[in-house]
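Listing of final-v3.cif, mmCIF, C-alpha atoms
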```cif
data_query
loop_
_atom_site.label_atom_id
_atom_site.label_comp_id
_atom_site.auth_asym_id
_atom_site.auth_seq_id
_atom_site.Cartn_x
_atom_site.Cartn_y
_atom_site.Cartn_z
CA MET A 757 -59.47 75.89 -33.13
CA THR A 758 -56.27 74.47 -34.54
CA THR A 759 -53.32 73.27 -32.51
CA ALA A 760 -49.82 74.12 -33.60
CA PRO A 761 -47.60 71.10 -34.21
CA PRO A 762 -45.12 70.38 -31.42
CA THR A 763 -41.76 72.03 -31.79
CA PRO A 764 -39.06 69.46 -32.46
CA PRO A 765 -36.55 69.22 -29.61
CA THR A 766 -33.33 71.12 -30.02
CA ASP A 767 -29.92 69.47 -29.75
CA ALA A 768 -29.43 70.89 -26.26
CA ALA A 769 -32.78 69.59 -25.00
CA ALA A 770 -32.33 66.19 -26.62
CA SER A 771 -28.80 65.71 -25.28
CA VAL A 772 -28.40 62.88 -22.79
CA SER A 773 -24.80 63.71 -21.81
CA PRO A 774 -24.45 64.32 -18.05
CA THR A 775 -23.65 67.83 -16.92
CA ALA A 776 -20.65 68.77 -14.80
CA ARG A 777 -22.91 69.08 -11.76
CA GLN A 778 -24.29 65.59 -12.31
CA LEU A 779 -20.80 64.14 -12.71
CA TRP A 780 -19.69 65.82 -9.48
CA GLY A 781 -22.73 64.49 -7.64
CA ARG A 782 -21.96 60.95 -8.77
CA ALA A 783 -18.22 61.03 -8.12
CA ARG A 784 -17.91 63.09 -4.95
CA GLY A 785 -18.46 60.10 -2.67
CA LEU A 786 -15.69 58.08 -4.32
CA LEU A 787 -13.37 61.09 -4.40
CA LEU A 788 -13.98 61.74 -0.71
CA ALA A 789 -13.27 58.09 0.16
CA ALA A 790 -10.07 58.15 -1.91
CA ALA A 791 -8.94 61.36 -0.20
CA VAL A 792 -9.57 59.86 3.25
CA LEU A 793 -7.61 56.72 2.36
CA ALA A 794 -4.71 58.76 0.98
CA LEU A 795 -4.63 60.97 4.07
CA ALA A 796 -4.74 57.95 6.38
CA GLY A 797 -1.89 56.35 4.47
CA LEU A 798 0.23 59.48 4.74
CA VAL A 799 -0.44 59.76 8.49
CA ILE A 800 0.39 56.08 9.11
CA ALA A 801 3.55 56.33 7.01
CA ALA A 802 4.63 59.46 8.87
CA LEU A 803 4.03 57.86 12.27
CA ARG A 804 5.83 54.67 11.35
CA SER A 805 8.74 56.55 9.84
CA VAL A 806 9.15 58.44 13.12
CA GLU A 807 8.93 55.26 15.23
CA GLN A 808 11.21 53.16 13.01
CA HIS A 809 13.82 55.83 12.28
CA GLY A 810 17.30 54.33 12.47
CA LEU A 811 16.03 50.78 12.84
CA LEU A 812 18.86 48.55 14.17
CA ASP A 813 21.40 51.24 13.32
CA PRO A 814 24.32 51.22 15.81
CA ARG A 815 24.64 54.98 15.31
CA SER A 816 21.01 55.71 16.26
CA ALA A 817 19.90 56.60 19.79
CA ASP A 818 16.19 56.23 18.96
CA ARG A 819 14.02 53.55 20.56
CA TYR A 820 14.56 51.10 17.71
CA GLY A 821 18.21 51.98 17.16
CA SER A 822 21.16 49.96 18.53
CA ARG A 823 23.59 52.60 19.71
CA ALA A 824 23.48 51.29 23.27
CA THR A 825 24.67 47.88 22.07
CA ALA A 826 27.54 49.47 20.14
CA GLU A 827 28.56 51.53 23.17
CA LEU A 828 28.64 48.48 25.44
CA LEU A 829 30.71 46.59 22.87
CA ALA A 830 33.10 49.54 22.60
CA ASP A 831 33.59 49.48 26.39
CA ARG A 832 34.68 45.85 26.00
CA GLY A 833 37.19 46.70 23.26
CA VAL A 834 35.06 45.65 20.28
CA ASP A 835 35.33 48.01 17.31
CA THR A 836 32.05 48.40 15.35
CA THR A 837 32.05 49.31 11.65
CA VAL A 838 28.81 50.07 9.80
CA ALA A 839 28.64 48.65 6.27
CA THR A 840 25.88 49.55 3.82
CA GLY A 841 27.23 47.60 0.84
CA VAL A 842 28.01 43.95 0.32
CA ALA A 843 31.52 44.81 -0.86
CA GLU A 844 32.31 46.64 2.38
CA ALA A 845 30.97 43.76 4.45
CA THR A 846 32.88 41.01 2.63
CA GLU A 847 36.20 42.88 2.53
CA ALA A 848 36.22 43.26 6.33
CA LEU A 849 35.72 39.56 7.08
CA GLY A 850 38.44 37.66 8.91
CA PRO A 851 39.06 35.37 11.90
CA ASP A 852 38.73 38.31 14.31
CA THR A 853 35.48 39.58 12.79
CA THR A 854 31.80 39.14 13.55
CA LEU A 855 29.43 39.96 10.69
CA LEU A 856 25.90 41.00 11.74
CA VAL A 857 23.33 41.11 8.92
CA ALA A 858 20.42 43.27 10.08
CA ASN A 859 17.78 42.10 7.61
CA PRO A 860 18.97 39.17 5.47
CA ASP A 861 15.71 38.84 3.53
CA LEU A 862 16.36 42.23 1.87
CA LEU A 863 19.45 40.84 0.14
CA SER A 864 19.31 39.58 -3.41
CA ALA A 865 20.46 36.11 -4.37
CA ARG A 866 23.78 37.45 -5.65
CA GLN A 867 24.43 39.41 -2.45
CA GLN A 868 23.63 36.37 -0.31
CA SER A 869 25.98 34.20 -2.37
CA ALA A 870 28.76 36.79 -2.04
CA LEU A 871 28.37 36.89 1.76
CA ARG A 872 28.23 33.10 2.03
CA THR A 873 31.36 32.66 -0.10
CA ALA A 874 33.31 35.29 1.84
CA ALA A 875 32.28 33.90 5.24
CA SER A 876 33.04 30.25 4.41
CA GLY A 877 36.47 29.34 5.70
CA SER A 878 37.25 32.88 6.96
CA GLY A 879 36.89 31.90 10.61
CA SER A 880 34.43 34.73 11.21
CA ARG A 881 31.08 34.59 12.96
CA THR A 882 27.94 35.50 11.00
CA VAL A 883 24.89 36.63 12.96
CA LEU A 884 21.61 36.65 11.00
CA LEU A 885 18.75 38.67 12.50
CA ALA A 886 15.31 37.17 11.81
CA PRO A 887 16.16 35.46 8.50
CA GLY A 888 13.25 33.95 6.59
CA PRO A 889 12.93 31.49 3.70
CA ALA A 890 14.18 34.13 1.26
CA SER A 891 17.68 34.07 2.76
CA LEU A 892 18.08 30.84 4.74
CA GLY A 893 18.50 28.72 1.62
CA THR A 894 21.80 30.49 0.86
CA LEU A 895 23.10 31.88 4.14
CA ALA A 896 22.13 28.88 6.32
CA PRO A 897 21.31 26.02 3.95
CA ASN A 898 20.55 23.46 6.68
CA VAL A 899 18.07 25.70 8.53
CA ARG A 900 14.38 26.04 7.75
CA ALA A 901 11.99 28.70 9.06
CA VAL A 902 8.88 27.00 10.45
CA GLU A 903 6.37 29.54 11.77
CA PRO A 904 6.22 32.98 13.41
CA ALA A 905 6.14 33.23 17.19
CA ALA A 906 5.45 36.02 19.66
CA VAL A 907 8.44 37.93 20.99
CA GLU A 908 8.45 37.20 24.70
CA VAL A 909 10.74 36.36 27.60
CA LEU A 910 12.13 32.89 26.97
CA HIS A 911 14.45 30.74 29.06
CA PRO A 912 17.61 29.25 27.53
CA GLY A 913 16.50 25.63 27.44
CA CYS A 914 20.02 24.54 26.43
CA ASP A 915 23.50 24.06 27.95
CA ALA A 916 25.32 26.62 25.78
CA PRO A 917 27.59 28.77 28.02
CA TYR A 918 26.42 32.09 26.59
CA ALA A 919 22.77 31.13 27.11
CA ARG A 920 23.30 29.96 30.71
CA ARG A 921 25.16 33.17 31.60
CA ALA A 922 22.51 35.39 29.97
CA GLY A 923 19.52 33.58 31.41
CA ALA A 924 16.05 34.64 30.27
CA ALA A 925 15.97 36.99 27.26
CA GLU A 926 13.43 38.46 24.87
CA LEU A 927 13.39 36.25 21.81
CA GLY A 928 10.83 34.67 19.50
CA GLY A 929 9.86 36.14 16.15
CA ILE A 930 10.54 33.08 13.97
CA THR A 931 11.05 29.45 14.98
CA TYR A 932 13.45 27.15 13.14
CA THR A 933 14.39 23.55 12.53
CA THR A 934 17.73 22.28 11.29
CA SER A 935 19.29 19.10 10.00
CA ALA A 936 22.85 20.23 10.78
CA THR A 937 25.01 18.52 13.37
CA PRO A 938 26.42 19.59 15.70
CA VAL A 939 24.11 22.47 16.53
CA GLU A 940 23.13 24.51 19.59
CA ASP A 941 19.40 25.23 19.72
CA CYS A 942 18.19 27.50 22.50
CA TYR A 943 15.31 29.70 23.65
CA HIS A 944 12.47 27.50 22.53
CA SER A 945 9.03 28.86 21.72
CA GLY A 946 6.85 25.83 22.22
CA GLU A 947 9.05 22.99 21.06
CA LEU A 948 11.01 24.88 18.39
CA PRO A 949 14.14 27.00 18.95
CA THR A 950 14.43 30.69 18.13
CA LEU A 951 18.24 30.76 18.43
CA LEU A 952 20.60 28.45 16.58
CA ARG A 953 24.39 28.33 16.49
CA LEU A 954 25.85 26.26 13.67
CA PRO A 955 29.63 25.69 13.69
CA ALA A 956 31.35 25.92 10.32
CA GLU A 957 32.19 22.66 8.59
CA THR A 958 35.83 23.81 8.32
CA GLY A 959 37.69 26.34 10.44
CA GLU A 960 36.59 28.06 13.60
CA GLY A 961 33.80 30.16 12.21
CA ASP A 962 30.10 29.74 12.94
CA THR A 963 26.67 31.07 12.04
CA VAL A 964 24.16 32.33 14.61
CA VAL A 965 20.49 32.58 13.65
CA LEU A 966 18.26 34.82 15.82
CA GLY A 967 14.49 34.68 15.36
CA ALA A 968 13.97 38.30 16.46
CA PRO A 969 16.22 41.38 16.73
CA ASP A 970 14.32 42.92 19.68
CA LEU A 971 17.05 42.31 22.28
CA LEU A 972 19.33 44.74 20.36
CA TYR A 973 16.90 47.70 20.51
CA ASN A 974 17.95 50.60 22.74
CA HIS A 975 14.77 50.52 24.81
CA ARG A 976 14.99 46.76 25.44
CA LEU A 977 18.69 46.19 25.93
CA ASP A 978 18.55 46.56 29.74
CA ASP A 979 15.60 44.16 30.13
CA HIS A 980 16.18 40.64 31.50
CA GLY A 981 19.31 39.06 30.00
CA ASN A 982 19.18 40.89 26.67
CA ALA A 983 22.42 42.86 27.13
CA SER A 984 24.38 39.83 28.30
CA LEU A 985 23.22 37.69 25.38
CA ALA A 986 23.90 40.49 22.85
CA LEU A 987 27.41 41.11 24.18
CA GLN A 988 28.31 37.42 24.14
CA LEU A 989 27.00 36.84 20.61
CA LEU A 990 28.47 40.01 19.09
CA GLY A 991 31.56 40.47 21.25
CA SER A 992 33.34 37.16 20.76
CA ARG A 993 35.66 38.82 18.20
CA SER A 994 37.54 42.09 18.40
CA HIS A 995 35.90 43.58 15.34
CA LEU A 996 32.17 43.79 14.49
CA VAL A 997 30.89 44.59 10.98
CA TRP A 998 27.28 45.77 11.28
CA TYR A 999 25.79 45.30 7.82
CA LEU A 1000 22.66 47.36 7.08
CA PRO A 1001 21.46 46.41 3.57
CA SER A 1002 20.49 49.41 1.44
CA LEU A 1003 18.50 49.79 -1.77
CA ASP A 1004 21.39 51.58 -3.48
CA ASP A 1005 23.64 48.60 -2.91
CA ALA A 1006 21.01 46.19 -4.28
CA THR A 1007 20.54 48.31 -7.41
CA ALA A 1008 24.25 48.61 -8.07
CA THR A 1009 24.86 44.90 -7.58
CA ASP A 1010 21.92 43.27 -9.35
CA GLY A 1011 20.29 45.96 -11.46
CA GLY A 1012 21.34 44.48 -14.79
CA ASN A 1013 20.60 40.83 -13.97
CA LYS A 1014 16.99 40.89 -12.78
CA SER A 1015 14.02 40.12 -14.95
CA PHE A 1016 10.72 41.93 -14.67
CA HIS A 1017 9.29 38.97 -12.73
CA ASP A 1018 12.14 39.19 -10.21
CA LEU A 1019 11.36 42.85 -9.53
CA ILE A 1020 7.74 42.13 -8.59
CA PRO A 1021 7.27 41.79 -4.81
CA SER A 1022 6.79 38.26 -3.51
CA GLY A 1023 3.20 38.91 -2.39
CA TRP A 1024 1.86 40.02 -5.77
CA ARG A 1025 -0.12 36.79 -6.25
CA TRP A 1026 -2.09 37.41 -3.05
CA GLY A 1027 -2.66 41.01 -4.12
CA ALA A 1028 -3.93 39.91 -7.54
CA LEU A 1029 -6.20 37.33 -5.91
CA GLN A 1030 -7.66 39.96 -3.58
CA LEU A 1031 -8.30 42.30 -6.51
CA ALA A 1032 -10.03 39.50 -8.43
CA VAL A 1033 -12.27 38.67 -5.46
CA ALA A 1034 -13.07 42.37 -5.01
CA ALA A 1035 -13.96 42.67 -8.71
CA VAL A 1036 -16.30 39.64 -8.53
CA LEU A 1037 -17.99 40.94 -5.37
CA THR A 1038 -18.42 44.37 -6.95
CA ALA A 1039 -19.98 42.83 -10.05
CA LEU A 1040 -22.38 40.77 -7.93
CA TRP A 1041 -23.28 43.82 -5.84
CA ARG A 1042 -23.99 45.94 -8.90
CA ALA A 1043 -26.00 43.17 -10.56
CA ARG A 1044 -28.11 42.71 -7.44
CA ARG A 1045 -28.62 46.45 -7.17
CA LEU A 1046 -29.74 46.83 -10.77
CA GLY A 1047 -31.90 43.70 -10.69
CA PRO A 1048 -33.18 41.64 -13.64
CA LEU A 1049 -34.58 43.18 -16.81
CA VAL A 1050 -38.30 43.93 -16.55
CA PRO A 1051 -40.44 44.75 -19.61
CA GLU A 1052 -42.16 48.08 -19.23
CA ARG A 1053 -44.86 49.68 -21.31
CA LEU A 1054 -43.99 53.00 -22.85
CA PRO A 1055 -45.68 55.93 -21.14
CA VAL A 1056 -46.78 57.37 -24.50
CA THR A 1057 -47.66 56.09 -27.94
CA VAL A 1058 -45.77 57.68 -30.81
CA PRO A 1059 -47.79 57.94 -34.05
CA ALA A 1060 -46.23 56.17 -37.00
CA SER A 1061 -46.09 59.41 -38.99
CA GLU A 1062 -44.00 61.08 -36.30
CA ALA A 1063 -41.68 58.09 -36.05
CA ALA A 1064 -41.22 58.10 -39.84
CA GLU A 1065 -40.59 61.83 -39.81
CA GLY A 1066 -38.02 61.51 -37.03
CA ARG A 1067 -36.21 58.76 -38.90
CA ALA A 1068 -36.25 60.87 -42.06
CA ARG A 1069 -34.70 63.77 -40.14
CA LEU A 1070 -31.90 61.47 -38.96
CA TYR A 1071 -31.23 60.27 -42.53
CA HIS A 1072 -31.26 63.85 -43.76
CA ARG A 1073 -28.85 65.04 -41.08
CA ALA A 1074 -26.45 62.16 -41.80
CA ARG A 1075 -26.81 62.66 -45.60
CA ALA A 1076 -27.61 58.96 -45.82
CA ARG A 1077 -29.48 59.10 -49.12
CA GLU A 1078 -28.38 55.59 -50.09
CA ARG A 1079 -29.80 54.03 -46.91
CA ALA A 1080 -32.98 56.11 -47.17
CA ALA A 1081 -33.52 55.05 -50.78
CA GLU A 1082 -32.91 51.39 -49.95
CA ALA A 1083 -35.39 51.59 -47.05
CA LEU A 1084 -38.06 53.05 -49.39
CA ARG A 1085 -37.39 50.47 -52.13
CA SER A 1086 -37.33 47.55 -49.70
CA ALA A 1087 -40.67 48.54 -48.19
CA THR A 1088 -42.19 49.00 -51.66
CA ARG A 1089 -40.91 45.63 -52.88
CA THR A 1090 -42.36 43.93 -49.80
CA ARG A 1091 -45.79 45.49 -50.40
CA VAL A 1092 -46.08 45.07 -54.18
CA ALA A 1093 -44.77 41.48 -54.35
CA PRO A 1094 -48.04 39.85 -53.14
CA LEU A 1095 -50.06 42.14 -55.43
CA ALA A 1096 -47.97 41.04 -58.41
CA GLY A 1097 -48.29 37.36 -57.52
CA VAL A 1098 -44.71 36.95 -56.24
CA PRO A 1099 -44.05 35.11 -52.94
CA THR A 1100 -42.81 37.33 -50.16
CA ALA A 1101 -39.62 35.25 -49.86
CA GLN A 1102 -38.71 36.33 -53.45
CA ALA A 1103 -39.74 39.96 -53.06
CA HIS A 1104 -36.13 41.19 -53.13
CA ARG A 1105 -35.03 39.14 -56.17
CA SER A 1106 -35.05 41.31 -59.27
CA ASP A 1107 -35.38 38.34 -61.67
CA ALA A 1108 -38.61 37.26 -59.96
CA LEU A 1109 -40.20 40.60 -59.02
CA CYS A 1110 -39.47 42.90 -61.99
CA PRO A 1111 -41.10 40.75 -64.76
CA ALA A 1112 -44.22 40.20 -62.62
CA VAL A 1113 -44.60 43.93 -61.86
CA ALA A 1114 -43.93 44.86 -65.49
CA THR A 1115 -46.62 42.40 -66.60
CA ARG A 1116 -49.07 43.78 -64.06
CA THR A 1117 -48.47 47.46 -64.96
CA GLY A 1118 -47.62 47.04 -68.66
CA ASP A 1119 -44.34 48.96 -68.25
CA ASN A 1120 -40.87 48.21 -69.53
CA GLY A 1121 -39.04 45.70 -67.34
CA ALA A 1122 -35.84 47.75 -67.42
CA ARG A 1123 -37.71 50.78 -66.13
CA ILE A 1124 -39.25 48.78 -63.32
CA HIS A 1125 -35.81 47.35 -62.44
CA SER A 1126 -34.29 50.84 -62.34
CA LEU A 1127 -37.09 52.01 -60.06
CA LEU A 1128 -36.99 49.09 -57.58
CA PHE A 1129 -33.29 48.10 -57.72
CA GLY A 1130 -31.54 51.09 -59.27
CA PRO A 1131 -28.66 53.22 -57.99
CA ALA A 1132 -28.93 55.59 -55.05
CA PRO A 1133 -30.12 59.17 -55.71
CA THR A 1134 -27.39 61.78 -56.08
CA ASP A 1135 -29.20 64.58 -54.19
CA ASP A 1136 -32.22 65.26 -52.01
CA GLU A 1137 -34.42 66.26 -54.95
CA ALA A 1138 -33.77 62.95 -56.68
CA LEU A 1139 -34.63 61.12 -53.43
CA VAL A 1140 -37.98 62.94 -53.24
CA ARG A 1141 -38.72 62.07 -56.89
CA LEU A 1142 -37.88 58.43 -56.20
CA ALA A 1143 -40.31 58.35 -53.26
CA ASP A 1144 -43.08 59.84 -55.44
CA ARG A 1145 -42.46 57.32 -58.24
CA LEU A 1146 -42.49 54.39 -55.81
CA ASP A 1147 -45.76 55.61 -54.33
CA LEU A 1148 -47.25 55.98 -57.80
CA LEU A 1149 -46.12 52.45 -58.72
CA GLU A 1150 -47.97 51.00 -55.74
CA ARG A 1151 -51.11 52.84 -56.68
CA ARG A 1152 -50.90 51.64 -60.29
CA ILE A 1153 -50.81 48.03 -59.18
CA THR A 1154 -54.03 48.68 -57.23
CA PRO A 1155 -55.27 51.50 -59.46
CA SER A 1156 -58.05 53.87 -58.58
CA PRO A 1157 -60.14 55.44 -61.36
CA ARG A 1158 -58.15 58.64 -61.01
CA ASP A 1159 -54.71 56.99 -61.29
CA LYS A 1160 -55.27 54.49 -64.13
CA ASP A 1161 -53.75 56.60 -66.86
CA ARG A 1162 -50.83 58.03 -64.82
CA THR A 1163 -47.35 56.59 -65.32
CA PRO A 1164 -44.47 56.66 -62.84
#
```

Starting from the file, give its structure as structure tokens.
Amino acid sequence: MTTAPPTPPTDAAASVSPTARQLWGRARGLLLAAAVLALAGLVIAALRSVEQHGLLDPRSADRYGSRATAELLADRGVDTTVATGVAEATEALGPDTTLLVANPDLLSARQQSALRTAASGSGSRTVLLAPGPASLGTLAPNVRAVEPAAVEVLHPGCDAPYARRAGAAELGGITYTTSATPVEDCYHSGELPTLLRLPAETGEGDTVVLGAPDLLYNHRLDDHGNASLALQLLGSRSHLVWYLPSLDDATATDGGNKSFHDLIPSGWRWGALQLAVAAVLTALWRARRLGPLVPERLPVTVPASEAAEGRARLYHRARARERAAEALRSATRTRVAPLAGVPTAQAHRSDALCPAVATRTGDNGARIHSLLFGPAPTDDEALVRLADRLDLLERRITPSPRDKDRTP
């Protein structure tokens, strides 16, 4: 009984590309996690946008708005003007004006310089709400932010008239130190103040630094002495300019003077460091999961004839006749060199191998050179003839009685 040779695998069966179902099975966990993260981000953003709507806006009646403060100031004859641009804010400055900057750290260096220049010598009061290192260097050069502090009820801790009249108030946020003299430092958190009043070097103006804006929120204004302190700090002049920095104003003012590095958020280094640590941890996790390389015996033994046939099929499919011919010639040269008395190290040198083979077979040296080192075949038939001639040459070097008189 004869056994039919195995059918060579088709391209579809031999393909190792993953199917769409396999790709989905591998990626669905990551896709699900990404969808959950995106949904959570949207929900958190929506909730925070609702809670923080109209933040510190004197026109907003929401919890975090400041309309109640503006109404109390209006009852005392203080006119409040909302400014969303640095030009509006600086044009309104004067001896009868208080300028409140809601979030100084959002201002660019040019905007801060414009405010500082306009306020110097104008006799106005500038109130900075929770300024940090990004703005103190320009708007209050002699003040330095030290460390964050909890917003809590603090006692005045100073003899300033406005602080003694207000009594305890909700302050904190950021603590400060200053080298300026004279200075009024009140409402200490620990040993550091959270409220500073710095008189101007010339004129009657001054700068007030508040570590937290919480006492101006609608839902906190009637707690403790918050309202009293807010009215005294913001109502000392007849006109109040409430400056709410906006992105449009920043773009219009500094859009053409910022480099790419200036546009990157200040915390990008920490973000890059976290990504690098995450990448290293992921690499270590994957390496530990895959484990070290372990040699493994093949489950089957492939006969040499089948391996040669498979390699020949690959050469044939790629039309690589030149590489196939060189593989045949190289193998023949390696085998016939010892039989012709040539060292294996010189088996691929035509000047050493061809004369020795010609002497052994009695053929013309040029013919032997063309056979072992000649050009590549031009078609498949020529490649087959070359293989037959190489095989015949090997048999002539170790001739059998049947092959003695045959010539390649």

Handout entry: Length of the atom CA of A:Gln868 to atom CA of A:Ala1028 vector [Å]
Key =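 About the pair atom CA of A:Gln868 and atom CA of A:Ala1028: they are 28.7 Å apart.
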
Problem - Straight-line distance linking atom CA of A:Tyr943 with atom CA of A:Tyr999, stated in Å to one decimal - result: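 Answer for the atom CA of A:Tyr943 to atom CA of A:Tyr999 separation: 24.6 Å.
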
Practice task
Would you kindly identify which residues have an atom no farther than 12 Å from (38.8, 43.3, 7.0), using all atoms listed in the file and the file's own coordinates, and write them out as JSON, numbers by chain?
Solution key: {"A": [835, 836, 837, 839, 843, 844, 845, 846, 847, 848, 849, 850, 851, 852, 853, 854, 855, 874, 875, 878, 880, 994, 995, 996, 997]}

Just say which residues the PyMOL selection byres ((chain A and resi 1082) around 12) picks in this file, as a PDB file with C-alpha atoms, in the frame of the given file.
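Result file follows (expr.pdb):
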```pdb
ATOM      1  CA  TYR A1071     -31.230  60.270 -42.530  1.00  0.00           C
ATOM      2  CA  ALA A1076     -27.610  58.960 -45.820  1.00  0.00           C
ATOM      3  CA  ARG A1077     -29.480  59.100 -49.120  1.00  0.00           C
ATOM      4  CA  GLU A1078     -28.380  55.590 -50.090  1.00  0.00           C
ATOM      5  CA  ARG A1079     -29.800  54.030 -46.910  1.00  0.00           C
ATOM      6  CA  ALA A1080     -32.980  56.110 -47.170  1.00  0.00           C
ATOM      7  CA  ALA A1081     -33.520  55.050 -50.780  1.00  0.00           C
ATOM      8  CA  ALA A1083     -35.390  51.590 -47.050  1.00  0.00           C
ATOM      9  CA  LEU A1084     -38.060  53.050 -49.390  1.00  0.00           C
ATOM     10  CA  ARG A1085     -37.390  50.470 -52.130  1.00  0.00           C
ATOM     11  CA  SER A1086     -37.330  47.550 -49.700  1.00  0.00           C
ATOM     12  CA  ALA A1087     -40.670  48.540 -48.190  1.00  0.00           C
ATOM     13  CA  THR A1088     -42.190  49.000 -51.660  1.00  0.00           C
ATOM     14  CA  ARG A1089     -40.910  45.630 -52.880  1.00  0.00           C
ATOM     15  CA  HIS A1104     -36.130  41.190 -53.130  1.00  0.00           C
ATOM     16  CA  LEU A1127     -37.090  52.010 -60.060  1.00  0.00           C
ATOM     17  CA  LEU A1128     -36.990  49.090 -57.580  1.00  0.00           C
ATOM     18  CA  PHE A1129     -33.290  48.100 -57.720  1.00  0.00           C
ATOM     19  CA  GLY A1130     -31.540  51.090 -59.270  1.00  0.00           C
ATOM     20  CA  PRO A1131     -28.660  53.220 -57.990  1.00  0.00           C
ATOM     21  CA  ALA A1132     -28.930  55.590 -55.050  1.00  0.00           C
ATOM     22  CA  PRO A1133     -30.120  59.170 -55.710  1.00  0.00           C
ATOM     23  CA  LEU A1139     -34.630  61.120 -53.430  1.00  0.00           C
ATOM     24  CA  LEU A1142     -37.880  58.430 -56.200  1.00  0.00           C
ATOM     25  CA  ALA A1143     -40.310  58.350 -53.260  1.00  0.00           C
ATOM     26  CA  LEU A1146     -42.490  54.390 -55.810  1.00  0.00           C
TER      27      LEU A1146
END
```

Exercise for the section: Could you please determine the separation between atom CA of A:Gly841 and atom CA of A:Glu957 in Å, to one decimal place? Expected result: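 One can read the atom CA of A:Gly841 to atom CA of A:Glu957 distance as 26.6 Å.
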
Handout entry: Expected selection from the PyMOL selection byres ((chain A and resi 983) around 9), given as a list in words
Key =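 Those residues are Thr825, Leu828, Ala922, Ala925, Leu971, Leu972, Arg976, Leu977, Asp978, Asp979, His980, Gly981, Asn982, Ser984, Leu985, Ala986, Leu987 and Gln988 of chain A.
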
Please produce a file of those selected residues containing C-alpha atoms, as a PDB file, in the frame of the given file.
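Okay, out.pdb is ready:
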```pdb
ATOM      1  CA  THR A 825      24.670  47.880  22.070  1.00  0.00           C
ATOM      2  CA  LEU A 828      28.640  48.480  25.440  1.00  0.00           C
ATOM      3  CA  ALA A 922      22.510  35.390  29.970  1.00  0.00           C
ATOM      4  CA  ALA A 925      15.970  36.990  27.260  1.00  0.00           C
ATOM      5  CA  LEU A 971      17.050  42.310  22.280  1.00  0.00           C
ATOM      6  CA  LEU A 972      19.330  44.740  20.360  1.00  0.00           C
ATOM      7  CA  ARG A 976      14.990  46.760  25.440  1.00  0.00           C
ATOM      8  CA  LEU A 977      18.690  46.190  25.930  1.00  0.00           C
ATOM      9  CA  ASP A 978      18.550  46.560  29.740  1.00  0.00           C
ATOM     10  CA  ASP A 979      15.600  44.160  30.130  1.00  0.00           C
ATOM     11  CA  HIS A 980      16.180  40.640  31.500  1.00  0.00           C
ATOM     12  CA  GLY A 981      19.310  39.060  30.000  1.00  0.00           C
ATOM     13  CA  ASN A 982      19.180  40.890  26.670  1.00  0.00           C
ATOM     14  CA  SER A 984      24.380  39.830  28.300  1.00  0.00           C
ATOM     15  CA  LEU A 985      23.220  37.690  25.380  1.00  0.00           C
ATOM     16  CA  ALA A 986      23.900  40.490  22.850  1.00  0.00           C
ATOM     17  CA  LEU A 987      27.410  41.110  24.180  1.00  0.00           C
ATOM     18  CA  GLN A 988      28.310  37.420  24.140  1.00  0.00           C
TER      19      GLN A 988
END
```

Exercise for the section: Go through the shown structure with the PyMOL selection byres ((chain A and resi 959) around 6) and write out the matching residues as a PyMOL selection string. Expected result: chain A and resi 877+879+958+960-961

Write out as a tab-separated table a residue-level contact list of stretch 932-1013 of chain A versus stretch 881-904 of chain A with cut-off 6 Å: for each qualifying residue the closest pair of atoms and the distance in Å to one decimal, counting all atoms listed in the file, rows sorted by chain and residue number upward.
```
residue	atom	partner	partner_atom	distance
A:Tyr932	CA	A:Ala901	CA	4.6
A:Thr933	CA	A:Arg900	CA	5.4
A:Thr934	CA	A:Val899	CA	4.4
A:Ser935	CA	A:Asn898	CA	5.6
A:Ala936	CA	A:Asn898	CA	5.7
A:Gly961	CA	A:Arg881	CA	5.3
A:Asp962	CA	A:Arg881	CA	4.9
A:Thr963	CA	A:Thr882	CA	4.7
A:Val964	CA	A:Val883	CA	4.7
A:Val965	CA	A:Leu884	CA	5.0
A:Leu966	CA	A:Leu885	CA	5.1
A:Gly967	CA	A:Ala886	CA	4.4
A:Ala968	CA	A:Ala886	CA	5.0
A:Pro969	CA	A:Leu885	CA	5.6
```

Handout entry: Nearest-residue call for A:Ala1093, choices A:Ala783, A:Ala1112, A:Leu812, A:Val909, using only C-alpha atoms
Key =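 For A:Ala1093, the nearest of the candidates is A:Ala1112.
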
Problem - Which residue of A:His975, A:Ala870, A:Ala1101, A:Ile1153 approaches A:Thr1115 most closely, using all atoms listed in the file - result: A:Ile1153

Handout entry: Long-range neighbours of A:Ser945 as a count of residues only, 8 Å cut-off, only C-alpha atoms, 4 positions minimum in chain
Key = 6

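With all atoms listed in the file as the atoms that count, the residue of A:Leu989, A:Val1098, A:Ala1138, A:Gln867 with the shortest distance to A:Arg921 is A:Leu989.
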
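For A:Ala1114, the non-local neighbours within 12 Å, defined as residues at least 2 positions apart in the same chain or in other chains and counting only C-alpha atoms, are Val1092, Ala1093, Ala1096, Gly1097, Ser1106, Asp1107, Ala1108, Leu1109, Cys1110, Pro1111, Ala1112, Arg1116, Thr1117, Gly1118, Asp1119, Asn1120, Gly1121, Ala1122, Arg1123, Ile1124, His1125, Ser1126, Leu1127, Leu1128, Leu1149, Arg1152 and Ile1153 of chain A.
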